[in-house]
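J.: My structure file target09.txt, compact mmCIF, C-alpha atoms, is below:
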```
# COMPACT_ATOMS: atom_id res chain seq x y z
CA MET A 1 174.25 109.22 130.26
CA TYR A 2 172.15 106.52 128.58
CA ASN A 3 168.93 108.05 129.88
CA PHE A 4 169.97 111.52 128.71
CA LEU A 5 170.74 110.25 125.21
CA ASN A 6 167.54 108.22 125.16
CA ASP A 7 165.42 111.23 126.06
CA ASN A 8 167.20 113.68 123.75
CA SER A 9 167.52 111.59 120.62
CA ILE A 10 169.08 114.44 118.59
CA TYR A 11 172.31 113.94 120.58
CA VAL A 12 172.50 110.36 119.33
CA VAL A 13 172.65 111.84 115.82
CA LEU A 14 175.43 114.13 117.02
CA VAL A 15 177.36 111.17 118.45
CA VAL A 16 177.01 109.29 115.16
CA ALA A 17 178.18 112.32 113.14
CA LEU A 18 181.16 112.74 115.49
CA ILE A 19 182.13 109.07 115.14
CA ASN A 20 182.17 109.49 111.36
CA TRP A 21 184.31 112.59 111.68
CA PHE A 22 186.77 110.94 114.14
CA GLY A 23 187.14 107.93 111.87
CA LEU A 24 187.97 110.08 108.87
CA PHE A 25 190.24 112.28 111.02
CA ILE A 26 192.25 109.32 112.35
CA TYR A 27 192.91 108.26 108.76
CA LEU A 28 194.12 111.77 107.92
CA MET A 29 196.48 111.76 110.93
CA ARG A 30 197.96 108.41 109.95
CA THR A 31 198.54 109.56 106.37
CA GLU A 32 200.17 112.74 107.67
CA SER A 33 202.70 110.80 109.77
CA LYS A 34 203.40 108.39 106.92
CA LEU A 35 204.00 111.25 104.49
CA ASN A 36 206.36 112.88 107.00
CA LYS A 37 208.41 109.70 107.10
CA LEU A 38 208.50 109.51 103.31
CA GLU A 39 209.60 113.14 103.04
CA LYS A 40 212.43 112.51 105.50
CA GLN A 41 213.56 109.50 103.51
CA ILE A 42 213.51 111.47 100.27
CA SER A 43 215.56 114.30 101.76
CA LEU A 44 218.05 111.73 103.12
CA ASN A 45 218.35 110.13 99.70
CA ASN A 46 218.85 113.51 98.07
CA SER A 47 221.57 114.56 100.51
CA SER A 48 223.43 111.25 100.05
CA THR A 49 223.37 111.61 96.26
CA GLU A 50 224.63 115.19 96.57
CA LYS A 51 227.58 114.00 98.65
CA LYS A 52 228.39 111.38 96.06
CA ASN A 53 228.36 114.02 93.34
CA GLU A 54 230.74 116.22 95.30
CA MET B 1 157.18 111.95 89.80
CA VAL B 2 158.71 108.75 91.10
CA ALA B 3 161.09 108.92 88.17
CA ILE B 4 162.61 112.17 89.49
CA ARG B 5 163.53 110.38 92.67
CA TYR B 6 165.29 107.54 90.93
CA VAL B 7 167.05 109.92 88.53
CA LEU B 8 168.27 111.94 91.51
CA MET B 9 169.46 108.78 93.27
CA LEU B 10 171.32 107.52 90.21
CA LEU B 11 172.82 110.96 89.61
CA CYS B 12 174.16 111.15 93.16
CA ILE B 13 175.77 107.72 92.86
CA VAL B 14 176.94 107.73 89.26
CA LEU B 15 178.15 111.32 88.93
CA PRO B 16 180.95 111.11 91.56
CA ILE B 17 182.12 107.78 90.12
CA VAL B 18 182.12 109.05 86.53
CA LEU B 19 183.90 112.27 87.52
CA ALA B 20 186.51 110.32 89.50
CA PHE B 21 187.26 107.93 86.63
CA LYS B 22 187.21 110.68 84.00
CA HIS B 23 189.68 112.77 85.95
CA GLY B 24 191.84 109.77 86.79
CA ILE B 25 191.69 107.96 90.12
CA THR B 26 195.43 108.12 90.75
CA LEU B 27 195.85 111.85 90.07
CA PRO B 28 195.60 114.58 92.73
CA ARG B 29 192.10 115.96 93.12
CA LYS B 30 191.33 119.23 91.38
CA LYS B 31 190.09 122.30 93.19
CA TYR B 32 186.45 121.81 92.16
CA TRP B 33 186.51 118.37 93.78
CA ILE B 34 187.62 119.74 97.13
CA ILE B 35 185.13 122.61 97.02
CA THR B 36 182.26 120.26 96.07
CA THR B 37 183.17 117.89 98.90
CA PHE B 38 183.24 120.74 101.39
CA ILE B 39 179.88 122.12 100.26
CA LEU B 40 178.22 118.70 100.15
CA VAL B 41 179.45 117.56 103.58
CA THR B 42 178.58 120.88 105.23
CA SER B 43 175.10 121.03 103.71
CA VAL B 44 174.39 117.39 104.56
CA LEU B 45 175.41 117.92 108.19
CA ILE B 46 173.39 121.12 108.51
CA PHE B 47 170.29 119.67 106.85
CA THR B 48 170.60 116.50 108.90
CA ILE B 49 170.80 118.17 112.29
CA LEU B 50 168.60 121.25 111.84
CA PRO B 51 165.21 120.26 110.33
CA PRO B 52 162.46 119.59 112.87
CA ILE B 53 160.63 116.28 113.20
CA SER B 54 156.97 116.86 112.50
CA GLY B 55 154.00 114.62 112.97
CA ASN B 56 150.33 115.35 112.45
CA PHE B 57 147.36 116.02 114.67
CA SER B 58 146.34 112.38 114.99
CA ASP B 59 149.85 111.53 116.30
CA ALA B 60 149.47 114.18 118.98
CA ARG B 61 146.01 112.95 119.85
CA ARG B 62 147.01 109.30 120.03
CA LEU B 63 150.17 109.87 122.05
CA SER B 64 148.65 112.33 124.50
CA LYS B 65 146.60 109.44 125.84
CA THR B 66 149.65 107.37 126.75
CA GLU B 67 151.24 108.02 130.08
CA ASP B 68 154.96 108.03 129.39
CA PHE B 69 155.01 109.95 126.11
CA LYS B 70 153.05 113.13 125.67
CA ASP B 71 154.90 115.62 123.49
CA VAL B 72 154.60 115.49 119.72
CA ASP B 73 155.86 118.12 117.32
CA VAL B 74 153.05 118.86 114.88
CA SER B 75 153.31 120.73 111.61
CA PHE B 76 150.35 122.92 110.66
CA ILE B 77 149.39 126.01 108.67
CA VAL B 78 147.85 128.88 110.57
CA SER B 79 144.56 130.05 109.08
CA GLU B 80 143.31 132.39 111.78
CA ILE B 81 144.61 133.94 115.00
CA VAL B 82 142.39 135.39 117.70
CA TYR B 83 144.06 137.22 120.57
CA GLY B 84 142.09 136.78 123.78
CA GLU B 85 142.67 138.25 127.21
CA ASN B 86 144.60 135.37 128.71
CA GLU B 87 145.35 133.16 125.76
CA VAL B 88 145.71 133.09 122.01
CA ILE B 89 143.40 130.87 119.98
CA ILE B 90 144.76 129.64 116.67
CA SER B 91 142.74 127.74 114.13
CA ALA B 92 144.96 125.63 111.92
CA ILE B 93 144.81 123.25 108.97
CA PRO B 94 147.19 120.31 108.61
CA SER B 95 150.14 121.21 106.40
CA GLU B 96 150.64 119.43 103.13
CA ILE B 97 153.91 117.60 103.12
CA PHE B 98 155.50 117.51 99.68
CA HIS B 99 155.63 114.01 98.27
CA PHE B 100 157.27 112.92 95.05
CA SER B 101 154.90 110.02 94.65
CA HIS B 102 151.38 111.17 95.28
CA LYS B 103 149.30 113.83 96.95
CA LYS B 104 147.84 112.79 100.22
CA ASN B 105 144.15 113.31 100.67
CA LEU B 106 144.33 115.60 103.62
CA GLU B 107 141.20 116.19 105.57
CA LYS B 108 140.77 119.94 105.52
CA ASN B 109 139.42 119.95 109.03
CA LYS B 110 140.22 122.93 111.14
CA TYR B 111 141.85 122.28 114.46
CA THR B 112 141.71 124.61 117.41
CA ILE B 113 144.97 125.31 119.19
CA ILE B 114 145.03 127.20 122.45
CA SER B 115 148.24 128.87 123.52
CA PRO B 116 149.31 130.86 126.56
CA LYS B 117 150.56 134.36 125.73
CA ASP B 118 154.11 133.99 126.97
CA ASN B 119 155.60 131.43 124.60
CA GLY B 120 156.28 133.56 121.55
CA VAL B 121 152.99 133.15 119.67
CA TYR B 122 153.19 136.77 118.57
CA SER B 123 155.83 135.91 116.00
CA ILE B 124 153.31 133.74 114.14
CA ASN B 125 151.39 135.25 111.22
CA VAL B 126 148.48 133.93 109.21
CA ASN B 127 149.50 131.41 106.48
CA ASP B 128 152.74 130.55 108.26
CA LYS B 129 153.74 126.93 108.46
CA VAL B 130 154.51 126.21 112.09
CA VAL B 131 156.07 123.21 113.80
CA SER B 132 155.30 123.16 117.50
CA THR B 133 154.82 120.84 120.44
CA LEU B 134 151.13 120.13 121.01
CA ASN B 135 149.19 118.36 123.73
CA TYR B 136 145.69 117.07 123.13
CA ILE B 137 143.05 118.19 125.62
CA LYS B 138 140.18 115.78 125.67
CA GLU B 139 137.61 117.95 127.44
CA SER B 140 137.52 120.77 124.91
CA ASN B 141 138.63 118.68 121.88
CA SER B 142 141.46 121.13 121.30
CA TYR B 143 145.24 121.22 121.41
CA LYS B 144 147.48 123.11 123.80
CA LEU B 145 150.55 124.73 122.31
CA LYS B 146 153.52 124.11 124.58
CA LYS B 147 156.48 125.32 122.58
CA ILE B 148 157.15 126.63 119.10
CA ILE B 149 159.93 124.62 117.45
CA SER B 150 160.20 126.25 114.05
CA ILE B 151 158.35 128.71 111.82
CA ASN B 152 158.36 128.11 108.04
CA PRO B 153 161.00 125.36 108.09
CA LEU B 154 162.80 124.56 104.84
CA LEU B 155 162.65 120.81 105.45
CA GLU B 156 160.75 118.57 107.83
CA TYR B 157 161.52 115.00 108.67
CA PRO B 158 158.69 112.53 109.30
CA PHE B 159 157.68 111.67 112.84
CA ILE B 160 158.07 107.99 113.70
CA GLU B 161 157.35 107.23 117.31
CA ALA B 162 160.08 104.65 117.85
CA LEU B 163 162.77 106.62 116.03
CA GLN B 164 162.20 110.32 116.82
CA HIS B 165 165.32 112.32 115.90
CA ARG B 166 167.26 109.11 115.39
CA ILE B 167 165.64 108.88 111.94
CA LYS B 168 168.32 111.38 110.88
CA ASN B 169 170.96 108.69 111.42
CA LEU B 170 169.83 107.30 108.06
CA ASN B 171 171.87 110.04 106.37
CA LEU B 172 175.02 109.24 108.34
CA HIS B 173 174.91 105.45 108.58
CA VAL B 174 173.54 103.90 105.37
CA PRO B 175 175.66 105.87 102.81
CA LEU B 176 178.83 104.53 104.46
CA HIS B 177 177.88 100.99 103.45
CA TRP B 178 176.92 102.07 99.93
CA THR B 179 180.30 103.76 99.61
CA SER B 180 182.11 100.67 100.83
CA PHE B 181 180.25 98.63 98.20
CA ILE B 182 181.51 101.02 95.51
CA ALA B 183 184.98 100.71 97.04
CA TYR B 184 184.98 96.94 96.67
CA LEU B 185 183.68 97.33 93.11
CA VAL B 186 186.59 99.67 92.26
CA SER B 187 188.96 97.10 93.70
CA LEU B 188 187.38 94.39 91.53
CA ILE B 189 187.79 96.48 88.37
CA PHE B 190 191.46 97.22 89.05
CA SER B 191 192.20 93.64 90.07
CA ILE B 192 190.92 92.46 86.70
CA ARG B 193 192.95 95.17 85.01
CA TYR B 194 196.06 94.03 86.89
CA LEU B 195 195.65 90.44 85.74
CA LYS B 196 195.17 91.70 82.16
CA HIS B 197 198.01 94.21 81.86
CA ASN B 198 200.30 93.20 84.72
CA ARG B 199 201.00 96.74 85.90
CA LEU B 200 201.94 97.37 89.54
CA GLU B 201 199.94 100.61 89.46
CA ASP B 202 196.65 98.70 89.19
CA ASP B 203 197.56 96.53 92.16
CA ILE B 204 198.22 99.64 94.25
CA VAL B 205 194.81 101.06 93.29
CA ALA B 206 193.03 97.77 94.08
CA SER B 207 194.58 97.38 97.53
CA SER B 208 194.09 101.05 98.46
CA ALA B 209 190.44 100.89 97.37
CA ILE B 210 189.85 98.02 99.78
CA LYS B 211 191.74 99.80 102.57
CA ILE B 212 189.61 102.96 102.36
CA GLY B 213 186.49 100.81 101.82
CA LEU B 214 187.25 98.99 105.07
CA ILE B 215 187.46 102.30 106.93
CA PHE B 216 183.95 103.09 105.68
CA THR B 217 182.65 99.61 106.58
CA ILE B 218 184.05 99.89 110.12
CA LEU B 219 182.59 103.38 110.56
CA GLY B 220 179.22 102.17 109.26
CA THR B 221 179.24 99.25 111.68
CA VAL B 222 180.18 101.40 114.68
CA THR B 223 177.54 104.05 113.90
CA GLY B 224 175.03 101.24 113.40
CA MET B 225 175.96 99.82 116.80
CA ILE B 226 175.30 103.17 118.50
CA TRP B 227 171.94 103.40 116.73
CA ALA B 228 171.10 99.80 117.68
CA LYS B 229 171.80 100.48 121.35
CA PHE B 230 169.06 103.10 121.47
CA ASN B 231 166.53 101.39 119.21
CA TRP B 232 167.03 97.69 119.81
CA GLY B 233 168.54 97.77 123.29
CA ALA B 234 171.96 96.23 122.62
CA TYR B 235 175.05 97.19 120.65
CA TRP B 236 175.18 93.88 118.83
CA ASN B 237 172.08 91.81 118.08
CA TRP B 238 173.33 89.20 115.56
CA ASP B 239 170.81 90.60 113.13
CA PRO B 240 171.26 89.18 109.56
CA ARG B 241 172.61 92.48 108.26
CA GLN B 242 175.03 92.84 111.19
CA THR B 243 176.23 89.29 110.73
CA THR B 244 176.78 89.61 106.99
CA ILE B 245 178.64 92.93 107.36
CA LEU B 246 180.89 91.20 109.91
CA VAL B 247 181.57 88.44 107.36
CA ILE B 248 182.42 91.04 104.70
CA MET B 249 184.77 92.76 107.14
CA LEU B 250 186.51 89.47 107.95
CA ILE B 251 186.85 88.63 104.24
CA TYR B 252 188.60 91.91 103.53
CA PHE B 253 190.74 91.79 106.68
CA ALA B 254 191.93 88.41 105.41
CA TYR B 255 192.89 90.18 102.13
CA PHE B 256 195.49 92.20 104.03
CA GLY B 257 196.56 89.12 105.95
CA LEU B 258 197.25 87.46 102.61
CA ARG B 259 199.14 90.46 101.23
CA ASN B 260 201.37 90.83 104.26
CA SER B 261 202.25 87.16 104.35
CA LEU B 262 203.98 87.27 100.94
CA ASP B 263 207.38 88.78 100.21
CA SER B 264 207.63 88.82 96.44
CA PHE B 265 205.78 91.79 94.88
CA GLU B 266 204.74 89.93 91.76
CA LYS B 267 203.27 87.07 93.74
CA LYS B 268 201.63 89.39 96.25
CA ALA B 269 199.92 91.43 93.54
CA LYS B 270 198.78 88.42 91.54
CA LEU B 271 197.40 86.44 94.50
CA SER B 272 195.64 89.41 96.07
CA ALA B 273 194.07 90.35 92.72
CA VAL B 274 192.62 86.87 92.42
CA TYR B 275 191.48 86.95 96.05
CA SER B 276 189.80 90.33 95.53
CA ILE B 277 187.90 89.06 92.47
CA ILE B 278 186.70 85.93 94.26
CA SER B 279 185.73 87.75 97.44
CA PHE B 280 183.71 90.36 95.55
CA ILE B 281 181.37 87.60 94.37
CA ALA B 282 180.27 87.22 98.00
CA VAL B 283 179.68 90.94 98.60
CA PRO B 284 176.39 91.50 96.71
CA VAL B 285 175.05 88.21 98.10
CA LEU B 286 175.95 89.14 101.67
CA MET B 287 174.92 92.80 101.36
CA PHE B 288 171.73 92.63 99.31
CA ILE B 289 170.35 89.07 99.14
CA ILE B 290 170.78 87.25 102.46
CA PRO B 291 169.42 90.12 104.64
CA ARG B 292 166.22 90.05 102.57
CA LEU B 293 165.70 86.31 102.93
CA LEU B 294 165.76 86.28 106.72
CA PRO B 295 163.54 88.03 109.25
CA SER B 296 165.48 91.06 110.38
CA LEU B 297 165.45 94.00 112.78
CA HIS B 298 166.54 96.22 109.91
CA PRO B 299 163.81 97.34 107.51
CA GLY B 300 163.57 95.15 104.44
CA GLY B 301 163.77 91.74 106.05
CA LYS B 302 161.57 88.74 105.30
CA ASP B 303 157.81 89.49 105.41
CA ASP B 304 158.54 93.18 105.87
CA GLY B 305 156.56 94.17 102.79
CA THR B 306 159.34 96.37 101.46
CA THR B 307 162.53 95.66 99.62
CA GLY B 308 164.42 97.53 102.27
CA PRO B 309 166.50 100.59 102.56
CA VAL B 310 168.83 99.84 99.69
CA ILE B 311 166.64 99.66 96.60
CA SER B 312 162.96 100.21 97.20
CA THR B 313 160.20 99.54 94.72
CA GLN B 314 157.86 101.54 96.89
CA ALA B 315 158.18 105.21 96.17
CA ASP B 316 157.11 106.57 99.52
CA MET B 317 159.02 104.20 101.70
CA VAL B 318 161.44 106.95 102.61
CA ASP B 319 159.97 110.40 103.10
CA SER B 320 160.82 112.80 100.27
CA SER B 321 162.73 115.41 102.25
CA LEU B 322 164.67 112.69 104.04
CA ALA B 323 165.41 110.91 100.76
CA PHE B 324 166.69 114.10 99.13
CA ILE B 325 169.30 114.70 101.84
CA PHE B 326 170.08 110.98 101.89
CA TYR B 327 171.05 111.04 98.21
CA LEU B 328 173.18 114.15 98.76
CA SER B 329 174.83 112.33 101.63
CA ILE B 330 175.74 109.40 99.38
CA ALA B 331 177.33 111.84 96.93
CA ALA B 332 179.23 113.51 99.80
CA PHE B 333 180.65 110.24 101.09
CA LEU B 334 181.60 109.13 97.57
CA PHE B 335 183.45 112.42 97.02
CA ILE B 336 185.31 111.88 100.31
CA TYR B 337 186.04 108.29 99.33
CA PHE B 338 187.65 109.11 95.98
CA TRP B 339 189.63 111.93 97.56
CA TYR B 340 191.03 109.65 100.26
CA LEU B 341 191.66 106.99 97.64
CA SER B 342 193.83 109.33 95.56
CA ILE B 343 195.79 110.37 98.68
CA GLU B 344 196.38 106.72 99.61
CA ILE B 345 197.41 105.74 96.07
CA ARG B 346 199.84 108.64 95.68
CA GLN B 347 201.44 107.79 99.01
CA LYS B 348 201.84 104.14 98.03
CA MET B 349 203.33 105.14 94.67
CA LEU B 350 205.90 107.34 96.44
CA GLU B 351 206.85 104.45 98.72
CA ASN B 352 207.21 102.24 95.70
CA LYS B 353 209.42 104.73 93.87
CA LEU B 354 211.67 105.12 96.90
CA ARG B 355 212.02 101.38 97.24
CA GLU B 356 213.04 101.07 93.59
CA GLN B 357 215.58 103.88 94.02
CA ASN B 358 217.14 102.25 97.07
CA VAL B 359 217.40 98.89 95.33
```
Before we go any further, please render this structure as structure tokens.
T.:
Amino acid sequence: MYNFLNDNSIYVVLVVALINWFGLFIYLMRTESKLNKLEKQISLNNSSTEKKNE
Amino acid sequence: MVAIRYVLMLLCIVLPIVLAFKHGITLPRKKYWIITTFILVTSVLIFTILPPISGNFSDARRLSKTEDFKDVDVSFIVSEIVYGENEVIISAIPSEIFHFSHKKNLEKNKYTIISPKDNGVYSINVNDKVVSTLNYIKESNSYKLKKIISINPLLEYPFIEALQHRIKNLNLHVPLHWTSFIAYLVSLIFSIRYLKHNRLEDDIVASSAIKIGLIFTILGTVTGMIWAKFNWGAYWNWDPRQTTILVIMLIYFAYFGLRNSLDSFEKKAKLSAVYSIISFIAVPVLMFIIPRLLPSLHPGGKDDGTTGPVISTQADMVDSSLAFIFYLSIAAFLFIYFWYLSIEIRQKMLENKLREQNV
């Protein structure tokens, strides 16, 4: 693997670009799950206030 | 002509920042922001991966003599083609590479290139700019064409023997650290604003700026490590720049340690604002000054003769076509940064609102 990457240096550039993409993607995934939690909480709050109003 | 380069550089750094502040950092991004980010990132990736690496005839001549390395991609302009019975003879002049700074005095010597018939030489016309793999043949003082890489390429990157295609990593590694510097600067500005006006909103912006900035610092370090493995032989070399970036990372990890150790929101915001202001004093010193004072593996160390990859007084330190995409890449990463920042801030604000409702 090391020899292959050493001989074909363009693939090192590909690896670097992919690392950047994965890093940014992991952040997006984490934000997605956090937002899901927040949405659940908001809907819970809303339903509880509705019950109180009834 | 050097001025154009610096104007372009400043434009690519300042424009995203100005646009972000003008539009409001905490607000959702507008459509033009998302479209610009998409176009910039796509074009940077395409123009980083696709352009060929091209050297000149003397590179090919020099390296054909060595035993372990024989292929060099050479860029030339075809001036005449003669079709023989068994082979095609091309006479070529070295191509002029566009430089912002000065015109190189190219020797207008004609070079003879001999090519076998079966490697696609028929697609070449007179006056085409061709990048192809050449081998020097000592006996006939001519070059043998092994493989055509590209005909009339839009961009060419310079050939450096030790780097080869890895030179393209410049566009994907260095802008991350520039972006993280801007991130810490944003945090400094909003920390000062928090201490002035005492608004929780500013504290949220300051802490989110550091969080996204840390993502960029970590990515920059990891990509640098991969590059170092292939150029310097080890993932981590305790090079001055690597050491100082580690110190910066530790400083800002400690920022979150400090924040999470406090319960009261007022106290948390106030202490972390002060910590952010104090720690930013170290960032320019660690990023720009110390790496230049010590001998370094990175360009721009002591006795290197250049001021390094960050701010160069020498116009042709970075090749023009490489520099152009490099500046675009900085703009692309800054656009991504401010987008992520607004997402993070809005999420934190929602959390804050919910907490206030529940209390």
J.: Please, which residues are within 12 Å of (174.6, 110.2, 102.6) by the file's coordinates, counting only C-alpha atoms, and could they come as a PyMOL selection string?
T.: (chain A and resi 17+20) or (chain B and resi 9+12-13+40-45+47-48+168-179+220+322-336)
J.: Given all atoms listed in the file as the basis, pick out the residue of B:Asp71, B:Glu87, B:Glu139, B:Glu80 nearest to chain A.
T.: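 Closest to chain A, using all atoms listed in the file: B:Asp71.
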J.: So which one's closest to chain A, B:Ile343, B:Val126, B:Ala3, B:Ile277? Using all atoms listed in the file, please.
T.: B:Ile343
J.: Taking all atoms listed in the file into account, report as a PyMOL selection string which residues of chain B lie within 10 Å of chain A.
T.: chain B and resi 45+48-50+163-173+176+212+215-216+218-220+222-227+229-231+336-337+340+343-344+347-348+350-351+354+357-358
J.: Separation of atom CA of Ile17 of chain B and atom CA of Ser342 of chain B, in Å?
T.: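 One can read the atom CA of Ile17 of chain B to atom CA of Ser342 of chain B distance as 13.0 Å.
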J.: May I ask which of the residues B:Ile4, B:Val72, B:Ala273, B:Met249 is the closest one to Ser58 of chain B, counting all atoms listed in the file?
T.: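 So, comparing all the options, the nearest one is B:Val72.
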J.: Mind giving me the straight-line distance from atom CA of Gly120 of chain B to atom CA of Ser132 of chain B in Å, one decimal?
T.: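 Separation of atom CA of Gly120 of chain B and atom CA of Ser132 of chain B: 11.2 Å.
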J.: Write out as a PyMOL selection string the residues lying within 6 Å of segment 110-112 of chain B, counting all atoms listed in the file and excluding same-chain residues fewer than 6 positions away.
T.: chain B and resi 90-93+142
J.: Give the padded box for segment 248-265 of chain B as lines of an AutoDock Vina configuration file: axis-aligned, covering all atoms listed in the file, 8 Å on each side, centre and edge lengths in Å to one decimal.
T.:
```
center_x = 195.0
center_y = 90.0
center_z = 101.4
size_x = 41.2
size_y = 21.6
size_z = 29.1
```
J.: Please report the interatomic distance between atom CA of Tyr157 of chain B and atom CA of Ala234 of chain B in Å with one decimal.
T.: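 That distance, rounded to one decimal, is 25.6 Å.
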J.: Using all atoms listed in the file, which protein or nucleic acid residues come within 9 Å of Asn152 of chain B? Drop anything in the same chain fewer than 5 positions from it, and give the result as a list in words.
T.: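 With the cut-off at 9 Å, the set is Asp128, Lys129, Val130 and Val131 of chain B.
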J.: Got a sec to check which residues sit within 12 Å of (168.1, 89.9, 109.3), counting only C-alpha atoms, and write them as a PyMOL selection string?
T.: chain B and resi 237-245+286-304+308
J.: Using all atoms listed in the file, which residue out of B:Leu145, B:Ala162, B:Arg29, B:Ser191 lies closest to Trp232 of chain B?
T.: B:Ala162
J.: Which residues are near Ile204 of chain B? Cut-off 7 Å, all atoms listed in the file, ignore same chain within fewer than 3 positions. Put them as an MDAnalysis selection string.
T.: chainID B and resid 200:201 207:208 345 348
J.: Can you pull out the residues contacting Ile25 of chain B? Cut-off 8 Å, using all atoms listed in the file, and skip same-chain residues under 4 positions away; I want them as a ChimeraX atom specification.
T.: /B:20-21,338,341-342
J.: Could you pull the residues within 12 Å of Ile160 of chain B, counting all atoms listed in the file, minus those fewer than 6 positions along the same chain, as a ChimeraX atom specification?
T.: /B:53-56,59-60,63,72-73,166-168,318-319
